[in-house]
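**Q** Dropping in run_6.txt, with compact mmCIF, N, CA and C atoms.
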# COMPACT_ATOMS: atom_id res chain seq x y z
N MET A 198 97.59 182.44 117.60
CA MET A 198 97.65 181.71 118.85
C MET A 198 96.92 180.36 118.73
N LYS A 199 95.76 180.36 118.09
CA LYS A 199 95.03 179.11 117.92
C LYS A 199 95.86 178.10 117.14
N LEU A 200 96.56 178.58 116.12
CA LEU A 200 97.39 177.69 115.31
C LEU A 200 98.48 177.06 116.17
N LEU A 201 99.07 177.83 117.05
CA LEU A 201 100.12 177.33 117.93
C LEU A 201 99.56 176.25 118.86
N ILE A 202 98.38 176.46 119.40
CA ILE A 202 97.77 175.47 120.29
C ILE A 202 97.47 174.19 119.53
N VAL A 203 96.92 174.29 118.34
CA VAL A 203 96.64 173.11 117.53
C VAL A 203 97.95 172.38 117.21
N PHE A 204 98.98 173.11 116.86
CA PHE A 204 100.27 172.51 116.54
C PHE A 204 100.83 171.77 117.75
N LEU A 205 100.76 172.38 118.92
CA LEU A 205 101.26 171.74 120.13
C LEU A 205 100.46 170.50 120.48
N MET A 206 99.16 170.57 120.31
CA MET A 206 98.32 169.42 120.62
C MET A 206 98.59 168.26 119.68
N THR A 207 98.78 168.51 118.40
CA THR A 207 99.03 167.42 117.47
C THR A 207 100.41 166.83 117.69
N GLY A 208 101.33 167.60 118.20
CA GLY A 208 102.65 167.07 118.48
C GLY A 208 102.66 166.13 119.67
N VAL A 209 101.70 166.26 120.55
CA VAL A 209 101.62 165.45 121.75
C VAL A 209 100.93 164.12 121.46
N LEU A 210 99.98 164.13 120.56
CA LEU A 210 99.22 162.93 120.25
C LEU A 210 100.01 162.00 119.35
N ALA A 211 100.20 160.78 119.80
CA ALA A 211 100.90 159.79 118.99
C ALA A 211 99.91 159.15 118.02
N SER A 212 100.42 158.72 116.91
CA SER A 212 99.59 157.97 115.99
C SER A 212 100.41 156.79 115.48
N VAL A 213 99.71 155.75 115.13
CA VAL A 213 100.38 154.55 114.64
C VAL A 213 99.73 154.13 113.33
N THR A 214 100.49 153.44 112.55
CA THR A 214 100.00 152.90 111.28
C THR A 214 100.11 151.38 111.34
N TRP A 215 99.02 150.74 111.01
CA TRP A 215 99.02 149.28 110.93
C TRP A 215 99.31 148.89 109.48
N LEU A 216 100.36 148.15 109.27
CA LEU A 216 100.73 147.70 107.93
C LEU A 216 99.98 146.41 107.60
N GLY A 217 99.92 146.11 106.32
CA GLY A 217 99.30 144.88 105.87
C GLY A 217 100.30 143.94 105.22
N ASP A 218 101.55 144.37 105.09
CA ASP A 218 102.58 143.60 104.40
C ASP A 218 103.69 143.27 105.39
N PHE A 219 103.82 142.00 105.72
CA PHE A 219 104.81 141.58 106.72
C PHE A 219 106.24 141.82 106.22
N ASP A 220 106.50 141.65 104.94
CA ASP A 220 107.84 141.91 104.42
C ASP A 220 108.21 143.38 104.60
N GLN A 221 107.27 144.25 104.34
CA GLN A 221 107.49 145.69 104.56
C GLN A 221 107.76 145.95 106.04
N ALA A 222 107.02 145.29 106.90
CA ALA A 222 107.20 145.46 108.34
C ALA A 222 108.58 145.00 108.78
N LYS A 223 109.05 143.87 108.25
CA LYS A 223 110.39 143.40 108.61
C LYS A 223 111.46 144.37 108.15
N THR A 224 111.30 144.94 106.96
CA THR A 224 112.25 145.93 106.46
C THR A 224 112.27 147.15 107.37
N GLU A 225 111.09 147.64 107.72
CA GLU A 225 110.99 148.81 108.59
C GLU A 225 111.57 148.51 109.98
N ALA A 226 111.29 147.31 110.50
CA ALA A 226 111.80 146.93 111.81
C ALA A 226 113.32 146.81 111.80
N SER A 227 113.88 146.31 110.71
CA SER A 227 115.34 146.21 110.61
C SER A 227 115.99 147.58 110.59
N LYS A 228 115.40 148.50 109.87
CA LYS A 228 115.96 149.85 109.78
C LYS A 228 115.85 150.60 111.11
N SER A 229 114.74 150.40 111.81
CA SER A 229 114.48 151.18 113.02
C SER A 229 114.80 150.41 114.31
N HIS A 230 115.19 149.14 114.16
CA HIS A 230 115.50 148.28 115.31
C HIS A 230 114.34 148.20 116.29
N LYS A 231 113.16 147.94 115.73
CA LYS A 231 111.95 147.79 116.53
C LYS A 231 111.45 146.35 116.42
N LEU A 232 110.62 145.95 117.38
CA LEU A 232 109.95 144.67 117.32
C LEU A 232 108.67 144.84 116.49
N ILE A 233 108.12 143.71 116.06
CA ILE A 233 106.91 143.71 115.24
C ILE A 233 105.79 143.04 116.03
N LEU A 234 104.64 143.71 116.10
CA LEU A 234 103.46 143.12 116.73
C LEU A 234 102.48 142.79 115.62
N ILE A 235 102.10 141.52 115.52
CA ILE A 235 101.15 141.06 114.51
C ILE A 235 99.83 140.72 115.20
N ASN A 236 98.74 141.28 114.69
CA ASN A 236 97.42 141.02 115.25
C ASN A 236 96.54 140.35 114.20
N PHE A 237 96.14 139.11 114.48
CA PHE A 237 95.21 138.38 113.61
C PHE A 237 93.80 138.67 114.13
N SER A 238 92.96 139.18 113.25
CA SER A 238 91.66 139.67 113.69
C SER A 238 90.56 139.36 112.68
N GLY A 239 89.37 139.19 113.21
CA GLY A 239 88.16 139.12 112.39
C GLY A 239 87.36 140.37 112.74
N SER A 240 87.67 141.45 112.06
CA SER A 240 87.21 142.78 112.47
C SER A 240 85.70 142.98 112.44
N ASP A 241 84.97 142.16 111.71
CA ASP A 241 83.53 142.39 111.62
C ASP A 241 82.69 141.22 112.12
N TRP A 242 83.32 140.25 112.74
CA TRP A 242 82.56 139.10 113.23
C TRP A 242 83.06 138.55 114.56
N CYS A 243 84.28 138.87 114.95
CA CYS A 243 84.89 138.30 116.14
C CYS A 243 84.80 139.29 117.30
N GLY A 244 83.88 139.03 118.23
CA GLY A 244 83.67 139.93 119.36
C GLY A 244 84.93 140.21 120.17
N PRO A 245 85.69 139.18 120.56
CA PRO A 245 86.92 139.44 121.30
C PRO A 245 87.95 140.23 120.49
N CYS A 246 87.95 140.08 119.18
CA CYS A 246 88.87 140.85 118.32
C CYS A 246 88.51 142.34 118.36
N ILE A 247 87.23 142.60 118.25
CA ILE A 247 86.75 143.99 118.28
C ILE A 247 87.05 144.60 119.64
N ARG A 248 86.82 143.83 120.68
CA ARG A 248 87.09 144.31 122.03
C ARG A 248 88.59 144.59 122.23
N GLU A 249 89.44 143.70 121.76
CA GLU A 249 90.89 143.90 121.89
C GLU A 249 91.32 145.17 121.17
N ARG A 250 90.80 145.37 119.97
CA ARG A 250 91.16 146.57 119.21
C ARG A 250 90.75 147.84 119.96
N LYS A 251 89.50 147.86 120.43
CA LYS A 251 88.99 149.07 121.07
C LYS A 251 89.60 149.30 122.45
N GLU A 252 89.71 148.25 123.26
CA GLU A 252 90.13 148.42 124.65
C GLU A 252 91.64 148.46 124.85
N ILE A 253 92.39 147.80 123.97
CA ILE A 253 93.84 147.72 124.15
C ILE A 253 94.59 148.40 123.01
N LEU A 254 94.36 147.96 121.78
CA LEU A 254 95.19 148.41 120.66
C LEU A 254 94.93 149.85 120.25
N GLU A 255 93.78 150.41 120.61
CA GLU A 255 93.49 151.81 120.33
C GLU A 255 93.59 152.68 121.58
N ASN A 256 94.00 152.08 122.69
CA ASN A 256 94.16 152.82 123.94
C ASN A 256 95.43 153.66 123.89
N ASP A 257 95.38 154.85 124.50
CA ASP A 257 96.53 155.76 124.46
C ASP A 257 97.80 155.13 125.01
N ALA A 258 97.70 154.31 126.05
CA ALA A 258 98.89 153.69 126.64
C ALA A 258 99.60 152.82 125.60
N PHE A 259 98.82 152.04 124.85
CA PHE A 259 99.42 151.20 123.81
C PHE A 259 99.91 152.03 122.64
N VAL A 260 99.09 152.94 122.16
CA VAL A 260 99.44 153.75 120.99
C VAL A 260 100.72 154.54 121.25
N ASN A 261 100.83 155.14 122.43
CA ASN A 261 102.02 155.93 122.75
C ASN A 261 103.27 155.05 122.79
N TYR A 262 103.15 153.85 123.33
CA TYR A 262 104.30 152.94 123.37
C TYR A 262 104.64 152.46 121.96
N ALA A 263 103.62 152.03 121.24
CA ALA A 263 103.83 151.46 119.90
C ALA A 263 104.45 152.47 118.94
N ALA A 264 104.07 153.72 119.05
CA ALA A 264 104.59 154.75 118.14
C ALA A 264 106.11 154.80 118.15
N ASP A 265 106.71 154.55 119.29
CA ASP A 265 108.17 154.64 119.41
C ASP A 265 108.90 153.31 119.41
N HIS A 266 108.17 152.20 119.64
CA HIS A 266 108.86 150.94 119.87
C HIS A 266 108.46 149.77 118.97
N LEU A 267 107.37 149.90 118.23
CA LEU A 267 106.85 148.75 117.49
C LEU A 267 106.54 149.09 116.03
N VAL A 268 106.63 148.06 115.21
CA VAL A 268 106.07 148.10 113.86
C VAL A 268 104.83 147.20 113.95
N LEU A 269 103.71 147.70 113.51
CA LEU A 269 102.43 147.00 113.68
C LEU A 269 101.94 146.41 112.38
N VAL A 270 101.44 145.17 112.46
CA VAL A 270 100.87 144.48 111.30
C VAL A 270 99.51 143.93 111.71
N ARG A 271 98.51 144.20 110.91
CA ARG A 271 97.19 143.63 111.15
C ARG A 271 96.86 142.69 110.00
N ALA A 272 96.57 141.45 110.37
CA ALA A 272 96.10 140.46 109.40
C ALA A 272 94.62 140.25 109.68
N ASP A 273 93.79 140.94 108.93
CA ASP A 273 92.36 140.92 109.16
C ASP A 273 91.68 139.91 108.24
N PHE A 274 90.65 139.25 108.78
CA PHE A 274 89.90 138.26 108.03
C PHE A 274 88.40 138.56 108.17
N PRO A 275 87.95 139.67 107.55
CA PRO A 275 86.53 140.02 107.66
C PRO A 275 85.66 139.03 106.88
N ARG A 276 84.41 138.91 107.30
CA ARG A 276 83.48 137.99 106.64
C ARG A 276 82.42 138.72 105.84
N GLN A 277 82.04 139.92 106.25
CA GLN A 277 80.98 140.63 105.55
C GLN A 277 81.48 141.13 104.20
N LYS A 278 80.64 140.99 103.20
CA LYS A 278 81.02 141.36 101.84
C LYS A 278 81.47 142.81 101.75
N LYS A 279 80.81 143.71 102.47
CA LYS A 279 81.16 145.13 102.39
C LYS A 279 82.55 145.42 102.96
N ASN A 280 83.10 144.51 103.74
CA ASN A 280 84.41 144.71 104.36
C ASN A 280 85.52 143.88 103.73
N GLN A 281 85.20 143.22 102.63
CA GLN A 281 86.18 142.34 102.01
C GLN A 281 87.43 143.11 101.58
N LEU A 282 88.57 142.46 101.77
CA LEU A 282 89.85 143.05 101.40
C LEU A 282 90.15 142.77 99.94
N SER A 283 91.14 143.45 99.41
CA SER A 283 91.57 143.17 98.04
C SER A 283 92.13 141.75 97.98
N LYS A 284 92.17 141.18 96.79
CA LYS A 284 92.71 139.83 96.63
C LYS A 284 94.18 139.80 97.06
N GLU A 285 94.89 140.86 96.75
CA GLU A 285 96.31 140.94 97.12
C GLU A 285 96.48 140.94 98.64
N GLN A 286 95.67 141.74 99.34
CA GLN A 286 95.77 141.79 100.80
C GLN A 286 95.33 140.48 101.42
N THR A 287 94.31 139.85 100.86
CA THR A 287 93.85 138.56 101.36
C THR A 287 94.97 137.53 101.24
N LYS A 288 95.69 137.53 100.12
CA LYS A 288 96.81 136.61 99.94
C LYS A 288 97.91 136.85 100.97
N LEU A 289 98.23 138.13 101.21
CA LEU A 289 99.25 138.47 102.20
C LEU A 289 98.83 137.98 103.58
N ASN A 290 97.58 138.21 103.95
CA ASN A 290 97.07 137.78 105.25
C ASN A 290 97.07 136.26 105.38
N GLU A 291 96.66 135.58 104.33
CA GLU A 291 96.63 134.11 104.37
C GLU A 291 98.04 133.54 104.49
N ALA A 292 99.00 134.13 103.79
CA ALA A 292 100.39 133.66 103.90
C ALA A 292 100.93 133.88 105.30
N LEU A 293 100.60 135.00 105.89
CA LEU A 293 101.03 135.28 107.26
C LEU A 293 100.39 134.31 108.25
N ALA A 294 99.11 134.03 108.04
CA ALA A 294 98.41 133.06 108.90
C ALA A 294 98.99 131.66 108.73
N ASP A 295 99.34 131.27 107.53
CA ASP A 295 99.95 129.96 107.30
C ASP A 295 101.23 129.81 108.12
N LYS A 296 101.97 130.89 108.23
CA LYS A 296 103.25 130.84 108.94
C LYS A 296 103.07 130.96 110.45
N TYR A 297 102.24 131.89 110.91
CA TYR A 297 102.17 132.20 112.33
C TYR A 297 100.88 131.81 113.04
N ASN A 298 99.82 131.52 112.30
CA ASN A 298 98.54 131.20 112.92
C ASN A 298 97.84 130.09 112.14
N PRO A 299 98.50 128.93 111.99
CA PRO A 299 97.91 127.87 111.16
C PRO A 299 96.63 127.27 111.76
N GLU A 300 96.42 127.46 113.07
CA GLU A 300 95.21 126.93 113.70
C GLU A 300 94.02 127.87 113.56
N GLY A 301 94.25 129.08 113.04
CA GLY A 301 93.17 130.03 112.82
C GLY A 301 92.56 130.59 114.09
N LYS A 302 93.40 130.95 115.06
CA LYS A 302 92.92 131.52 116.33
C LYS A 302 92.58 132.99 116.14
N PHE A 303 91.49 133.41 116.79
CA PHE A 303 91.09 134.82 116.74
C PHE A 303 90.57 135.26 118.09
N PRO A 304 90.99 136.36 118.63
CA PRO A 304 92.16 137.11 118.17
C PRO A 304 93.43 136.36 118.56
N TYR A 305 94.45 136.61 117.82
CA TYR A 305 95.76 136.02 118.12
C TYR A 305 96.78 137.11 117.82
N THR A 306 97.57 137.44 118.82
CA THR A 306 98.54 138.52 118.70
C THR A 306 99.91 137.98 119.05
N ILE A 307 100.89 138.28 118.21
CA ILE A 307 102.24 137.80 118.47
C ILE A 307 103.24 138.94 118.34
N LEU A 308 104.30 138.81 119.10
CA LEU A 308 105.42 139.75 119.07
C LEU A 308 106.59 139.00 118.46
N VAL A 309 107.16 139.57 117.40
CA VAL A 309 108.30 138.93 116.73
C VAL A 309 109.43 139.94 116.59
N ASP A 310 110.64 139.41 116.41
CA ASP A 310 111.76 140.31 116.17
C ASP A 310 111.84 140.65 114.69
N GLU A 311 112.83 141.43 114.30
CA GLU A 311 112.94 141.89 112.92
C GLU A 311 113.19 140.77 111.92
N HIS A 312 113.55 139.57 112.43
CA HIS A 312 113.77 138.42 111.55
C HIS A 312 112.56 137.50 111.50
N GLY A 313 111.54 137.82 112.30
CA GLY A 313 110.33 137.01 112.30
C GLY A 313 110.29 135.95 113.38
N LYS A 314 111.26 135.94 114.29
CA LYS A 314 111.27 134.96 115.38
C LYS A 314 110.24 135.37 116.43
N VAL A 315 109.38 134.42 116.81
CA VAL A 315 108.33 134.70 117.80
C VAL A 315 108.96 134.84 119.18
N LEU A 316 108.63 135.96 119.83
CA LEU A 316 109.12 136.25 121.18
C LEU A 316 108.04 136.04 122.24
N LYS A 317 106.78 136.31 121.87
CA LYS A 317 105.66 136.17 122.80
C LYS A 317 104.37 136.09 121.99
N ASP A 318 103.37 135.44 122.58
CA ASP A 318 102.06 135.43 121.92
C ASP A 318 100.94 135.55 122.94
N TRP A 319 99.82 136.05 122.47
CA TRP A 319 98.60 136.19 123.26
C TRP A 319 97.50 135.47 122.48
N ASP A 320 96.99 134.39 123.04
CA ASP A 320 95.95 133.59 122.41
C ASP A 320 94.61 134.02 122.98
N GLY A 321 93.79 134.65 122.16
CA GLY A 321 92.51 135.16 122.62
C GLY A 321 92.65 136.59 123.13
N PHE A 322 91.58 137.07 123.74
CA PHE A 322 91.59 138.44 124.28
C PHE A 322 92.53 138.51 125.47
N PRO A 323 93.51 139.44 125.44
CA PRO A 323 94.40 139.60 126.60
C PRO A 323 93.61 140.24 127.75
N ASN A 324 93.22 139.45 128.71
CA ASN A 324 92.35 139.92 129.77
C ASN A 324 93.14 140.70 130.81
N GLU A 325 93.59 141.88 130.40
CA GLU A 325 94.41 142.74 131.26
C GLU A 325 94.28 144.18 130.79
N SER A 326 94.79 145.07 131.57
CA SER A 326 94.72 146.49 131.22
C SER A 326 95.69 146.78 130.07
N PRO A 327 95.46 147.85 129.35
CA PRO A 327 96.40 148.25 128.29
C PRO A 327 97.81 148.47 128.86
N GLN A 328 97.90 149.01 130.06
CA GLN A 328 99.21 149.25 130.67
C GLN A 328 99.94 147.94 130.94
N ASN A 329 99.22 146.93 131.43
CA ASN A 329 99.84 145.62 131.66
C ASN A 329 100.21 144.94 130.36
N PHE A 330 99.40 145.14 129.34
CA PHE A 330 99.72 144.58 128.02
C PHE A 330 101.03 145.17 127.53
N VAL A 331 101.16 146.48 127.63
CA VAL A 331 102.40 147.17 127.21
C VAL A 331 103.58 146.67 128.05
N ALA A 332 103.38 146.49 129.34
CA ALA A 332 104.46 146.04 130.22
C ALA A 332 104.98 144.67 129.80
N GLN A 333 104.12 143.83 129.25
CA GLN A 333 104.55 142.51 128.78
C GLN A 333 105.42 142.62 127.53
N ILE A 334 105.24 143.68 126.77
CA ILE A 334 106.02 143.88 125.55
C ILE A 334 107.36 144.55 125.86
N ALA A 335 107.32 145.52 126.77
CA ALA A 335 108.49 146.34 127.06
C ALA A 335 109.64 145.57 127.66
Any chance you could give the structure as structure tokens?

**A**
Amino acid sequence: MKLLIVFLMTGVLASVTWLGDFDQAKTEASKSHKLILINFSGSDWCGPCIRERKEILENDAFVNYAADHLVLVRADFPRQKKNQLSKEQTKLNEALADKYNPEGKFPYTILVDEHGKVLKDWDGFPNESPQNFVAQIA
């Protein structure tokens, strides 16, 4: 009986994966006909970035919507040595920033289609509820 309850509970909880490779995200979005949400973040130094992640991007309302409708990409630019990314990931993030965030805004979140065309952007912390954030995407 306990196993059944655990199984039912895990089936209800949505989970999402944040990719680090935009080309992979475009391929996945093309196959699944989903939009791509790209989040430019400074995960260990940018207060509004940390707040956006905790209050919106990790909120159940967003996670449940994203699981079925979005391919997620995080382009992180940490500063602390202990959080440094691999050279390969850093290159991928820098290339993505060159294309979509040349001014280096943090946080900066954009919604693009499977071809990379920008549909909407949020400059800075989206000062709204997770439900309203999702409503802007839907």

**Q** Mind checking DSSP for chain A and telling me the strand (DSSP E or B) residues as a list in words?

**A** Trp215, Leu216, Leu232, Ile233, Leu234, Ile235, Asn236, Phe237, Ser238, Leu267, Val268, Leu269, Val270, Arg271, Ala272, Asp273, Tyr305, Thr306, Ile307, Leu308, Val309, Val315, Leu316, Lys317, Asp318, Trp319 and Asp320 of chain A

**Q** Looking at A:Ala335, A:Leu254, A:Ala211, A:Leu232, which one is nearest to Arg271 of chain A, with distances taken over only C-alpha atoms?

**A**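 Among the listed residues, the smallest separation from Arg271 of chain A belongs to A:Leu254.
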
**Q** Using only N, CA and C atoms for the distances, tell me which of A:Trp319, A:Ala258, A:Cys243, A:Thr214 is nearest to Val331 of chain A.

**A**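 Among A:Trp319, A:Ala258, A:Cys243, A:Thr214, it is A:Ala258 that comes nearest to Val331 of chain A.
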
**Q** Just how far from atom C of Asn280 of chain A is atom CA of His266 of chain A, in Å to one decimal?

**A** 29.2 Å

**Q** Measuring between all atoms listed in the file, which one of A:Trp242, A:Pro327, A:Asp257, A:Leu234 shows the shortest distance to Asp310 of chain A?

**A**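 For Asp310 of chain A, the nearest of the candidates is A:Leu234.
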
**Q** Tell me which protein, DNA and RNA residues are within 6 Å of Ile307 of chain A, counting all atoms listed in the file, leaving out same-chain ones fewer than 3 positions away, and put them as number ranges by chain.

**A** A: 233-236, 317-319

**Q** List the neighbours of segment 282-298 of chain A out to 8 Å using all atoms listed in the file; skip same-chain residues closer than 4 positions along the sequence, and give me the result as a list of chain:residue names.

**A**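 Within the cut-off, the hits are A:Gly217, A:Asp218, A:Phe219, A:Phe237, A:Arg271, A:Ala272, A:Asp273, A:Phe274, A:Pro275, A:Arg276, A:Gln277, A:Lys278, A:Lys302, A:Tyr305.
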
**Q** So the first atom is atom C of Ile334 of chain A and the second is atom C of Asp241 of chain A; what is the distance between them in Å, to one decimal place?

**A**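 It comes out at 28.4 Å.
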
**Q** Go ahead and compute the interatomic distance for atom N of Gln221 of chain A and atom N of Leu267 of chain A, in Å to one decimal.

**A**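 Here the two named atoms are 15.0 Å from each other.
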
**Q** Residues of segment 274-322 of chain A in alpha helix (DSSP H) according to DSSP, as a PyMOL selection string?

**A** chain A and resi 284-297

**Q** Leaving out segment 249-251 of chain A and any residue of its chain fewer than 6 positions from it, which residues lie within 8 Å of it when counting all atoms listed in the file, given as a PyMOL selection string?

**A** chain A and resi 243+304+321-323

**Q** Quick one: write out the picked residues with N, CA and C atoms as a compact mmCIF listing (two decimals), in the coordinates of the input?

**A**
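Generated output (selection.txt):
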# COMPACT_ATOMS: atom_id res chain seq x y z
N CYS A 243 84.28 138.87 114.95
CA CYS A 243 84.89 138.30 116.14
C CYS A 243 84.80 139.29 117.30
N PRO A 304 90.99 136.36 118.63
CA PRO A 304 92.16 137.11 118.17
C PRO A 304 93.43 136.36 118.56
N GLY A 321 93.79 134.65 122.16
CA GLY A 321 92.51 135.16 122.62
C GLY A 321 92.65 136.59 123.13
N PHE A 322 91.58 137.07 123.74
CA PHE A 322 91.59 138.44 124.28
C PHE A 322 92.53 138.51 125.47
N PRO A 323 93.51 139.44 125.44
CA PRO A 323 94.40 139.60 126.60
C PRO A 323 93.61 140.24 127.75

**Q** Could the centre and edge lengths of an axis-aligned box, enclosing all atoms of segment 244-252 of chain A in the file with 6 Å extra on each side, be given in Å to one decimal as AutoDock Vina command-line options?

**A**
--center_x 87.7 --center_y 144.2 --center_z 121.5 --size_x 20.0 --size_y 22.3 --size_z 18.6
